[in-house]
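What follows is the content of input.cif, which has mmCIF, N, CA and C atoms:
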```cif
data_input
#
loop_
_atom_site.label_atom_id
_atom_site.label_comp_id
_atom_site.auth_asym_id
_atom_site.auth_seq_id
_atom_site.Cartn_x
_atom_site.Cartn_y
_atom_site.Cartn_z
N ASP A 175 69.72 -19.58 135.14
CA ASP A 175 68.65 -19.75 136.12
C ASP A 175 67.93 -18.44 136.35
N VAL A 176 66.64 -18.52 136.58
CA VAL A 176 65.86 -17.35 136.95
C VAL A 176 66.15 -17.04 138.41
N ILE A 177 66.50 -15.77 138.70
CA ILE A 177 66.82 -15.36 140.07
C ILE A 177 65.58 -14.79 140.76
N HIS A 178 64.92 -13.84 140.10
CA HIS A 178 63.70 -13.27 140.67
C HIS A 178 62.90 -12.53 139.60
N SER A 179 61.66 -12.24 139.93
CA SER A 179 60.80 -11.36 139.14
C SER A 179 60.44 -10.18 140.03
N ALA A 180 60.37 -8.97 139.47
CA ALA A 180 60.08 -7.77 140.25
C ALA A 180 58.71 -7.23 139.86
N ILE A 181 57.91 -6.89 140.88
CA ILE A 181 56.55 -6.41 140.67
C ILE A 181 56.33 -5.18 141.54
N TRP A 182 55.81 -4.11 140.95
CA TRP A 182 55.44 -2.92 141.70
C TRP A 182 54.14 -3.19 142.45
N VAL A 183 54.08 -2.75 143.71
CA VAL A 183 52.88 -2.94 144.53
C VAL A 183 52.49 -1.62 145.18
N SER A 184 51.24 -1.51 145.58
CA SER A 184 50.74 -0.26 146.18
C SER A 184 50.95 -0.20 147.68
N ASP A 185 51.09 -1.35 148.35
CA ASP A 185 51.23 -1.38 149.81
C ASP A 185 52.07 -2.60 150.19
N VAL A 186 53.30 -2.36 150.63
CA VAL A 186 54.21 -3.47 150.94
C VAL A 186 53.68 -4.32 152.09
N GLU A 187 53.16 -3.69 153.15
CA GLU A 187 52.69 -4.45 154.30
C GLU A 187 51.51 -5.35 153.93
N GLU A 188 50.58 -4.83 153.15
CA GLU A 188 49.44 -5.63 152.70
C GLU A 188 49.93 -6.77 151.81
N THR A 189 50.90 -6.49 150.96
CA THR A 189 51.48 -7.51 150.09
C THR A 189 52.15 -8.60 150.92
N LEU A 190 52.94 -8.22 151.93
CA LEU A 190 53.59 -9.21 152.79
C LEU A 190 52.57 -10.02 153.59
N ASP A 191 51.52 -9.36 154.06
CA ASP A 191 50.46 -10.10 154.77
C ASP A 191 49.90 -11.20 153.89
N PHE A 192 49.72 -10.91 152.59
CA PHE A 192 49.16 -11.89 151.68
C PHE A 192 50.17 -12.99 151.35
N TYR A 193 51.35 -12.61 150.87
CA TYR A 193 52.31 -13.60 150.39
C TYR A 193 53.01 -14.36 151.51
N VAL A 194 53.35 -13.68 152.60
CA VAL A 194 54.04 -14.33 153.72
C VAL A 194 53.01 -14.87 154.72
N GLY A 195 52.09 -13.99 155.15
CA GLY A 195 51.12 -14.40 156.15
C GLY A 195 50.13 -15.43 155.66
N ALA A 196 49.52 -15.20 154.50
CA ALA A 196 48.47 -16.09 154.01
C ALA A 196 49.01 -17.25 153.16
N LEU A 197 49.95 -16.96 152.25
CA LEU A 197 50.46 -18.02 151.37
C LEU A 197 51.64 -18.79 151.98
N GLY A 198 52.26 -18.26 153.02
CA GLY A 198 53.32 -18.99 153.70
C GLY A 198 54.69 -18.88 153.08
N LEU A 199 54.91 -17.90 152.18
CA LEU A 199 56.25 -17.70 151.64
C LEU A 199 57.12 -17.03 152.70
N GLU A 200 58.42 -17.03 152.50
CA GLU A 200 59.38 -16.48 153.46
C GLU A 200 59.96 -15.16 152.95
N LYS A 201 59.98 -14.15 153.80
CA LYS A 201 60.65 -12.88 153.46
C LYS A 201 62.15 -13.12 153.58
N THR A 202 62.90 -12.78 152.52
CA THR A 202 64.33 -13.09 152.50
C THR A 202 65.23 -11.87 152.51
N ASN A 203 64.73 -10.71 152.09
CA ASN A 203 65.58 -9.53 152.02
C ASN A 203 64.71 -8.29 151.92
N GLU A 204 65.28 -7.15 152.34
CA GLU A 204 64.60 -5.87 152.19
C GLU A 204 65.63 -4.76 152.18
N PHE A 205 65.44 -3.79 151.28
CA PHE A 205 66.33 -2.63 151.22
C PHE A 205 65.64 -1.52 150.43
N VAL A 206 66.16 -0.31 150.56
CA VAL A 206 65.71 0.81 149.73
C VAL A 206 66.77 1.01 148.66
N GLY A 207 66.33 0.99 147.40
CA GLY A 207 67.27 1.08 146.28
C GLY A 207 67.57 2.50 145.88
N GLY A 208 68.41 2.64 144.89
CA GLY A 208 68.81 3.94 144.37
C GLY A 208 67.66 4.73 143.79
N ASP A 209 66.56 4.05 143.43
CA ASP A 209 65.37 4.72 142.91
C ASP A 209 64.41 5.12 144.03
N ASP A 210 64.88 5.02 145.29
CA ASP A 210 64.09 5.32 146.49
C ASP A 210 62.91 4.38 146.68
N ALA A 211 62.89 3.26 145.99
CA ALA A 211 61.83 2.28 146.15
C ALA A 211 62.20 1.30 147.25
N ARG A 212 61.21 0.95 148.06
CA ARG A 212 61.38 -0.11 149.05
C ARG A 212 61.29 -1.43 148.30
N ASN A 213 62.28 -2.30 148.48
CA ASN A 213 62.35 -3.58 147.81
C ASN A 213 62.28 -4.69 148.85
N VAL A 214 61.33 -5.59 148.69
CA VAL A 214 61.16 -6.71 149.62
C VAL A 214 61.12 -7.98 148.78
N TYR A 215 61.87 -8.99 149.21
CA TYR A 215 61.97 -10.25 148.49
C TYR A 215 61.31 -11.37 149.30
N VAL A 216 60.60 -12.27 148.61
CA VAL A 216 60.03 -13.46 149.24
C VAL A 216 60.32 -14.67 148.36
N ARG A 217 60.25 -15.84 148.96
CA ARG A 217 60.40 -17.08 148.19
C ARG A 217 59.78 -18.23 148.96
N GLY A 218 59.57 -19.31 148.22
CA GLY A 218 59.10 -20.55 148.82
C GLY A 218 60.30 -21.43 149.08
N GLU A 219 60.17 -22.71 148.77
CA GLU A 219 61.26 -23.66 149.02
C GLU A 219 62.36 -23.59 147.98
N SER A 220 62.06 -23.03 146.79
CA SER A 220 63.09 -22.91 145.76
C SER A 220 63.92 -21.66 146.01
N GLU A 221 64.94 -21.47 145.23
CA GLU A 221 65.79 -20.28 145.36
C GLU A 221 65.25 -19.08 144.58
N THR A 222 64.27 -19.31 143.71
CA THR A 222 63.70 -18.22 142.91
C THR A 222 62.85 -17.33 143.80
N GLU A 223 63.07 -16.01 143.68
CA GLU A 223 62.37 -15.07 144.54
C GLU A 223 61.42 -14.18 143.75
N ILE A 224 60.48 -13.57 144.47
CA ILE A 224 59.64 -12.51 143.94
C ILE A 224 60.09 -11.24 144.65
N GLN A 225 60.38 -10.21 143.88
CA GLN A 225 60.79 -8.91 144.43
C GLN A 225 59.59 -7.98 144.31
N PHE A 226 59.16 -7.42 145.44
CA PHE A 226 58.08 -6.44 145.43
C PHE A 226 58.70 -5.07 145.61
N LYS A 227 58.32 -4.13 144.76
CA LYS A 227 58.85 -2.77 144.79
C LYS A 227 57.73 -1.80 145.14
N HIS A 228 58.05 -0.83 145.99
CA HIS A 228 57.04 0.17 146.34
C HIS A 228 57.70 1.54 146.47
N ASN A 229 57.09 2.51 145.85
CA ASN A 229 57.46 3.91 146.00
C ASN A 229 56.16 4.68 145.82
N PRO A 230 55.76 5.48 146.83
CA PRO A 230 54.48 6.17 146.71
C PRO A 230 54.39 7.08 145.49
N ASP A 231 55.53 7.49 144.93
CA ASP A 231 55.52 8.37 143.76
C ASP A 231 55.45 7.61 142.44
N HIS A 232 55.53 6.28 142.48
CA HIS A 232 55.50 5.47 141.27
C HIS A 232 54.05 5.25 140.83
N ASP A 233 53.73 5.55 139.57
CA ASP A 233 52.39 5.36 139.04
C ASP A 233 52.20 3.90 138.65
N LEU A 234 51.37 3.20 139.41
CA LEU A 234 51.13 1.79 139.14
C LEU A 234 50.23 1.55 137.94
N GLY A 235 49.38 2.51 137.64
CA GLY A 235 48.42 2.29 136.56
C GLY A 235 47.48 1.15 136.93
N GLU A 236 46.90 0.52 135.96
CA GLU A 236 45.99 -0.61 136.19
C GLU A 236 46.75 -1.92 135.99
N PRO A 237 46.39 -2.97 136.77
CA PRO A 237 47.02 -4.27 136.51
C PRO A 237 46.74 -4.68 135.07
N SER A 238 47.74 -5.20 134.39
CA SER A 238 47.58 -5.54 132.99
C SER A 238 47.91 -7.01 132.76
N THR A 239 47.05 -7.69 132.03
CA THR A 239 47.36 -9.05 131.62
C THR A 239 47.81 -9.08 130.17
N ARG A 240 47.99 -7.90 129.57
CA ARG A 240 48.47 -7.89 128.19
C ARG A 240 49.93 -8.27 128.12
N ARG A 241 50.70 -7.94 129.14
CA ARG A 241 52.12 -8.28 129.16
C ARG A 241 52.46 -9.22 130.31
N PHE A 242 51.87 -9.00 131.47
CA PHE A 242 52.09 -9.85 132.64
C PHE A 242 50.83 -10.66 132.86
N ASP A 243 50.92 -11.98 132.84
CA ASP A 243 49.73 -12.81 132.99
C ASP A 243 49.52 -13.25 134.43
N HIS A 244 50.48 -13.99 135.01
CA HIS A 244 50.28 -14.46 136.38
C HIS A 244 51.57 -14.99 136.98
N LEU A 245 51.56 -15.13 138.31
CA LEU A 245 52.61 -15.83 139.05
C LEU A 245 52.05 -17.19 139.43
N ALA A 246 52.84 -18.23 139.37
CA ALA A 246 52.40 -19.56 139.77
C ALA A 246 53.10 -19.94 141.07
N ILE A 247 52.31 -20.41 142.03
CA ILE A 247 52.84 -20.83 143.32
C ILE A 247 52.34 -22.24 143.60
N GLU A 248 53.27 -23.15 143.92
CA GLU A 248 52.90 -24.53 144.21
C GLU A 248 52.29 -24.64 145.59
N VAL A 249 51.20 -25.40 145.68
CA VAL A 249 50.52 -25.66 146.95
C VAL A 249 50.28 -27.16 147.07
N ASP A 250 50.00 -27.61 148.28
CA ASP A 250 49.71 -29.03 148.51
C ASP A 250 48.26 -29.39 148.21
N ASP A 251 47.33 -28.41 148.37
CA ASP A 251 45.91 -28.68 148.23
C ASP A 251 45.23 -27.43 147.67
N THR A 252 45.04 -27.40 146.36
CA THR A 252 44.47 -26.22 145.71
C THR A 252 43.09 -25.87 146.28
N ASP A 253 42.22 -26.85 146.40
CA ASP A 253 40.87 -26.57 146.90
C ASP A 253 40.91 -26.01 148.32
N GLY A 254 41.71 -26.62 149.18
CA GLY A 254 41.83 -26.16 150.56
C GLY A 254 42.43 -24.76 150.65
N GLU A 255 43.43 -24.48 149.82
CA GLU A 255 44.06 -23.15 149.83
C GLU A 255 43.09 -22.08 149.35
N VAL A 256 42.32 -22.38 148.32
CA VAL A 256 41.34 -21.41 147.82
C VAL A 256 40.33 -21.11 148.92
N GLU A 257 39.82 -22.13 149.56
CA GLU A 257 38.83 -21.94 150.62
C GLU A 257 39.42 -21.11 151.77
N ARG A 258 40.62 -21.46 152.20
CA ARG A 258 41.27 -20.76 153.31
C ARG A 258 41.55 -19.30 152.94
N LEU A 259 42.11 -19.06 151.76
CA LEU A 259 42.45 -17.70 151.34
C LEU A 259 41.20 -16.84 151.17
N ARG A 260 40.12 -17.42 150.70
CA ARG A 260 38.88 -16.65 150.55
C ARG A 260 38.30 -16.27 151.91
N GLU A 261 38.53 -17.11 152.92
CA GLU A 261 38.07 -16.80 154.28
C GLU A 261 38.97 -15.77 154.96
N GLU A 262 40.29 -15.86 154.72
CA GLU A 262 41.26 -15.06 155.46
C GLU A 262 41.70 -13.78 154.77
N THR A 263 41.47 -13.66 153.47
CA THR A 263 41.94 -12.49 152.72
C THR A 263 40.81 -11.97 151.83
N ASP A 264 41.10 -10.88 151.13
CA ASP A 264 40.12 -10.32 150.19
C ASP A 264 40.36 -10.82 148.77
N THR A 265 41.05 -11.95 148.62
CA THR A 265 41.35 -12.47 147.30
C THR A 265 40.07 -12.73 146.52
N GLU A 266 40.16 -12.56 145.22
CA GLU A 266 39.04 -12.87 144.33
C GLU A 266 39.38 -14.15 143.57
N LEU A 267 38.46 -15.08 143.53
CA LEU A 267 38.63 -16.31 142.76
C LEU A 267 38.22 -16.01 141.33
N LEU A 268 39.18 -16.11 140.41
CA LEU A 268 38.92 -15.81 139.00
C LEU A 268 38.50 -17.05 138.22
N ARG A 269 39.12 -18.21 138.53
CA ARG A 269 38.82 -19.43 137.79
C ARG A 269 39.27 -20.64 138.61
N GLY A 270 38.46 -21.69 138.59
CA GLY A 270 38.82 -22.92 139.27
C GLY A 270 38.20 -22.99 140.65
N PRO A 271 38.71 -23.93 141.44
CA PRO A 271 39.72 -24.93 141.13
C PRO A 271 39.25 -25.89 140.03
N LEU A 272 40.23 -26.32 139.25
CA LEU A 272 39.93 -27.24 138.15
C LEU A 272 41.14 -28.10 137.86
N ASP A 273 40.89 -29.24 137.24
CA ASP A 273 41.96 -30.13 136.84
C ASP A 273 42.49 -29.70 135.49
N SER A 274 43.81 -29.54 135.39
CA SER A 274 44.46 -29.21 134.13
C SER A 274 45.30 -30.40 133.71
N THR A 275 44.80 -31.15 132.73
CA THR A 275 45.55 -32.32 132.28
C THR A 275 46.84 -31.89 131.59
N GLY A 276 46.81 -30.76 130.88
CA GLY A 276 48.02 -30.27 130.21
C GLY A 276 49.14 -29.95 131.19
N ALA A 277 48.78 -29.44 132.36
CA ALA A 277 49.78 -29.09 133.38
C ALA A 277 49.96 -30.20 134.40
N SER A 278 49.18 -31.27 134.28
CA SER A 278 49.19 -32.35 135.28
C SER A 278 49.06 -31.78 136.69
N ALA A 279 48.03 -30.95 136.87
CA ALA A 279 47.88 -30.27 138.15
C ALA A 279 46.43 -29.87 138.38
N ARG A 280 46.10 -29.69 139.64
CA ARG A 280 44.84 -29.06 140.05
C ARG A 280 45.18 -27.60 140.27
N VAL A 281 44.49 -26.69 139.58
CA VAL A 281 44.86 -25.28 139.60
C VAL A 281 43.67 -24.39 139.93
N ALA A 282 43.99 -23.18 140.39
CA ALA A 282 42.99 -22.13 140.58
C ALA A 282 43.69 -20.81 140.38
N PHE A 283 42.95 -19.83 139.91
CA PHE A 283 43.49 -18.50 139.67
C PHE A 283 42.80 -17.52 140.60
N ILE A 284 43.60 -16.81 141.41
CA ILE A 284 43.10 -15.84 142.38
C ILE A 284 43.84 -14.52 142.19
N THR A 285 43.47 -13.50 142.97
CA THR A 285 44.16 -12.22 142.89
C THR A 285 44.88 -11.92 144.19
N ASP A 286 45.97 -11.13 144.08
CA ASP A 286 46.65 -10.62 145.26
C ASP A 286 46.06 -9.25 145.59
N PRO A 287 46.54 -8.57 146.65
CA PRO A 287 45.95 -7.28 147.02
C PRO A 287 45.96 -6.21 145.92
N ASP A 288 46.90 -6.28 144.97
CA ASP A 288 46.95 -5.30 143.88
C ASP A 288 46.25 -5.78 142.62
N GLY A 289 45.62 -6.95 142.67
CA GLY A 289 44.90 -7.46 141.50
C GLY A 289 45.75 -8.30 140.58
N HIS A 290 47.04 -8.56 140.92
CA HIS A 290 47.86 -9.46 140.11
C HIS A 290 47.27 -10.86 140.21
N VAL A 291 47.32 -11.60 139.12
CA VAL A 291 46.77 -12.94 139.10
C VAL A 291 47.80 -13.94 139.62
N ILE A 292 47.35 -14.79 140.55
CA ILE A 292 48.18 -15.84 141.14
C ILE A 292 47.55 -17.17 140.77
N GLU A 293 48.35 -18.07 140.19
CA GLU A 293 47.88 -19.42 139.92
C GLU A 293 48.37 -20.33 141.04
N LEU A 294 47.44 -20.97 141.74
CA LEU A 294 47.79 -21.96 142.74
C LEU A 294 47.86 -23.30 142.02
N VAL A 295 48.99 -24.00 142.17
CA VAL A 295 49.24 -25.22 141.40
C VAL A 295 49.51 -26.38 142.36
N GLU A 296 48.66 -27.39 142.29
CA GLU A 296 48.85 -28.63 143.04
C GLU A 296 49.24 -29.71 142.04
N PRO A 297 50.55 -30.05 141.94
CA PRO A 297 50.96 -31.09 140.98
C PRO A 297 50.22 -32.41 141.26
N ARG A 298 49.75 -33.04 140.19
CA ARG A 298 49.01 -34.29 140.34
C ARG A 298 49.51 -35.28 139.31
N GLU A 299 49.99 -36.43 139.76
CA GLU A 299 50.47 -37.49 138.87
C GLU A 299 49.31 -38.18 138.14
N ASP A 300 48.09 -38.13 138.72
CA ASP A 300 46.95 -38.87 138.19
C ASP A 300 46.20 -38.13 137.08
N LEU A 301 46.68 -37.00 136.66
CA LEU A 301 45.99 -36.23 135.60
C LEU A 301 46.73 -36.31 134.29
#
```
Turn this file's structure into structure tokens for me.
Amino acid sequence: DVIHSAIWVSDVEETLDFYVGALGLEKTNEFVGGDDARNVYVRGESETEIQFKHNPDHDLGEPSTRRFDHLAIEVDDTDGEVERLREETDTELLRGPLDSTGASARVAFITDPDGHVIELVEPREDL
């Protein structure tokens, strides 16, 4: 089973505001590791977590889609979430909302505060 994915971020509080405050995920753990990085974990209804790491001395470089493409988060209403997030946050809408017959879902691609791509996925039986 996948336990978690770890992502370096530039600002933990801004990241938590987005993922917990705006997207509604739950903060599950926080600690400072042996690398002096602040580690904060969030999750939705599943047990799989996202680990956000922050250390002001860590060079984040530019967000890259050459190796990391996106995180997918299930939502009840893709169109409504996109509208709400665009009003409440500085997210950028990259693509969608659109129907994906291959994924049997209504999807949209947005950005988090560090520019990581987030896919909002509304499972749909009718596609």
**Report entry** Who sits within 8 Å of region 290-296 of chain A, only N, CA and C atoms, same chain under 4 positions skipped, as a PyMOL selection string
**Finding:** chain A and resi 237-239+242-253+256+277-286
Could you take the residues named above and write them with N, CA and C atoms, as a compact mmCIF listing (two decimals), in the frame of the given file?
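Written out: out36.txt:
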```
# COMPACT_ATOMS: atom_id res chain seq x y z
N PRO A 237 46.39 -2.97 136.77
CA PRO A 237 47.02 -4.27 136.51
C PRO A 237 46.74 -4.68 135.07
N SER A 238 47.74 -5.20 134.39
CA SER A 238 47.58 -5.54 132.99
C SER A 238 47.91 -7.01 132.76
N THR A 239 47.05 -7.69 132.03
CA THR A 239 47.36 -9.05 131.62
C THR A 239 47.81 -9.08 130.17
N PHE A 242 51.87 -9.00 131.47
CA PHE A 242 52.09 -9.85 132.64
C PHE A 242 50.83 -10.66 132.86
N ASP A 243 50.92 -11.98 132.84
CA ASP A 243 49.73 -12.81 132.99
C ASP A 243 49.52 -13.25 134.43
N HIS A 244 50.48 -13.99 135.01
CA HIS A 244 50.28 -14.46 136.38
C HIS A 244 51.57 -14.99 136.98
N LEU A 245 51.56 -15.13 138.31
CA LEU A 245 52.61 -15.83 139.05
C LEU A 245 52.05 -17.19 139.43
N ALA A 246 52.84 -18.23 139.37
CA ALA A 246 52.40 -19.56 139.77
C ALA A 246 53.10 -19.94 141.07
N ILE A 247 52.31 -20.41 142.03
CA ILE A 247 52.84 -20.83 143.32
C ILE A 247 52.34 -22.24 143.60
N GLU A 248 53.27 -23.15 143.92
CA GLU A 248 52.90 -24.53 144.21
C GLU A 248 52.29 -24.64 145.59
N VAL A 249 51.20 -25.40 145.68
CA VAL A 249 50.52 -25.66 146.95
C VAL A 249 50.28 -27.16 147.07
N ASP A 250 50.00 -27.61 148.28
CA ASP A 250 49.71 -29.03 148.51
C ASP A 250 48.26 -29.39 148.21
N ASP A 251 47.33 -28.41 148.37
CA ASP A 251 45.91 -28.68 148.23
C ASP A 251 45.23 -27.43 147.67
N THR A 252 45.04 -27.40 146.36
CA THR A 252 44.47 -26.22 145.71
C THR A 252 43.09 -25.87 146.28
N ASP A 253 42.22 -26.85 146.40
CA ASP A 253 40.87 -26.57 146.90
C ASP A 253 40.91 -26.01 148.32
N VAL A 256 42.32 -22.38 148.32
CA VAL A 256 41.34 -21.41 147.82
C VAL A 256 40.33 -21.11 148.92
N ALA A 277 48.78 -29.44 132.36
CA ALA A 277 49.78 -29.09 133.38
C ALA A 277 49.96 -30.20 134.40
N SER A 278 49.18 -31.27 134.28
CA SER A 278 49.19 -32.35 135.28
C SER A 278 49.06 -31.78 136.69
N ALA A 279 48.03 -30.95 136.87
CA ALA A 279 47.88 -30.27 138.15
C ALA A 279 46.43 -29.87 138.38
N ARG A 280 46.10 -29.69 139.64
CA ARG A 280 44.84 -29.06 140.05
C ARG A 280 45.18 -27.60 140.27
N VAL A 281 44.49 -26.69 139.58
CA VAL A 281 44.86 -25.28 139.60
C VAL A 281 43.67 -24.39 139.93
N ALA A 282 43.99 -23.18 140.39
CA ALA A 282 42.99 -22.13 140.58
C ALA A 282 43.69 -20.81 140.38
N PHE A 283 42.95 -19.83 139.91
CA PHE A 283 43.49 -18.50 139.67
C PHE A 283 42.80 -17.52 140.60
N ILE A 284 43.60 -16.81 141.41
CA ILE A 284 43.10 -15.84 142.38
C ILE A 284 43.84 -14.52 142.19
N THR A 285 43.47 -13.50 142.97
CA THR A 285 44.16 -12.22 142.89
C THR A 285 44.88 -11.92 144.19
N ASP A 286 45.97 -11.13 144.08
CA ASP A 286 46.65 -10.62 145.26
C ASP A 286 46.06 -9.25 145.59
```
Query - Evaluate the PyMOL selection byres ((chain A and resi 216) around 6.5) and report residues as JSON, numbers by chain - result: {"A": [199, 200, 201, 202, 203, 214, 215, 217, 218, 222, 223, 224, 225, 226]}
Query - Shortest interatomic distance to Ala211 (chain A) - which of A:Glu255, A:Asp231, A:Glu261, A:Asp175, counting only C-alpha atoms - result: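 With only C-alpha atoms as the atom set, the closest residue is A:Asp231.
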Query - Residues within 6.5 Å of (62.4, 4.9, 143.4), counting all atoms listed in the file, listed as an MDAnalysis selection string - result: chainID A and resid 207:212 229
Report task. Select from chain A everything DSSP, run on the backbone, classes as strand (DSSP E), then give the selection as a PyMOL selection string. Result -> chain A and resi 178-182+200-206+212-217+223-228+245-248+267-274+279-285+291-297
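The space separating atom N of Arg258 (chain A) from atom C of Pro287 (chain A) comes to 17.3 Å.
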**Report entry** Two-atom distance - atom N of His228 (chain A), atom C of Asn213 (chain A) (Å)
**Finding:** 6.4 Å
Query raised in the report: Which residue gives the smallest distance to Leu197 (chain A) among A:Gly254, A:Gly276, A:Arg269, A:Asp300, with only C-alpha atoms counted?
Result: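 For Leu197 (chain A), the nearest of the given residues is A:Gly254.
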Report task. Rank A:Lys227, A:Glu221, A:Thr275, A:Gly235 by their smallest atom-to-atom distance to Asp185 (chain A), using all atoms listed in the file, and report the top residue only. Result -> A:Lys227
Report task. If you run DSSP over the backbone, which residues in chain A end up helix (DSSP H, G or I)? Put them as a ChimeraX atom specification. Result -> /A:186-196,252-262
Query raised in the report: In Å to one decimal, how far is CA of Ile177 (chain A) from CA of Phe192 (chain A)?
Result: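 CA of Ile177 (chain A) lies 21.4 Å from CA of Phe192 (chain A).
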**Report entry** A:Leu259, A:Val183, A:Val176, A:Leu301 ranked by distance to Ala196 (chain A), top pick (using all atoms listed in the file)
**Finding:**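 Closest to Ala196 (chain A) of all the choices is A:Leu259.
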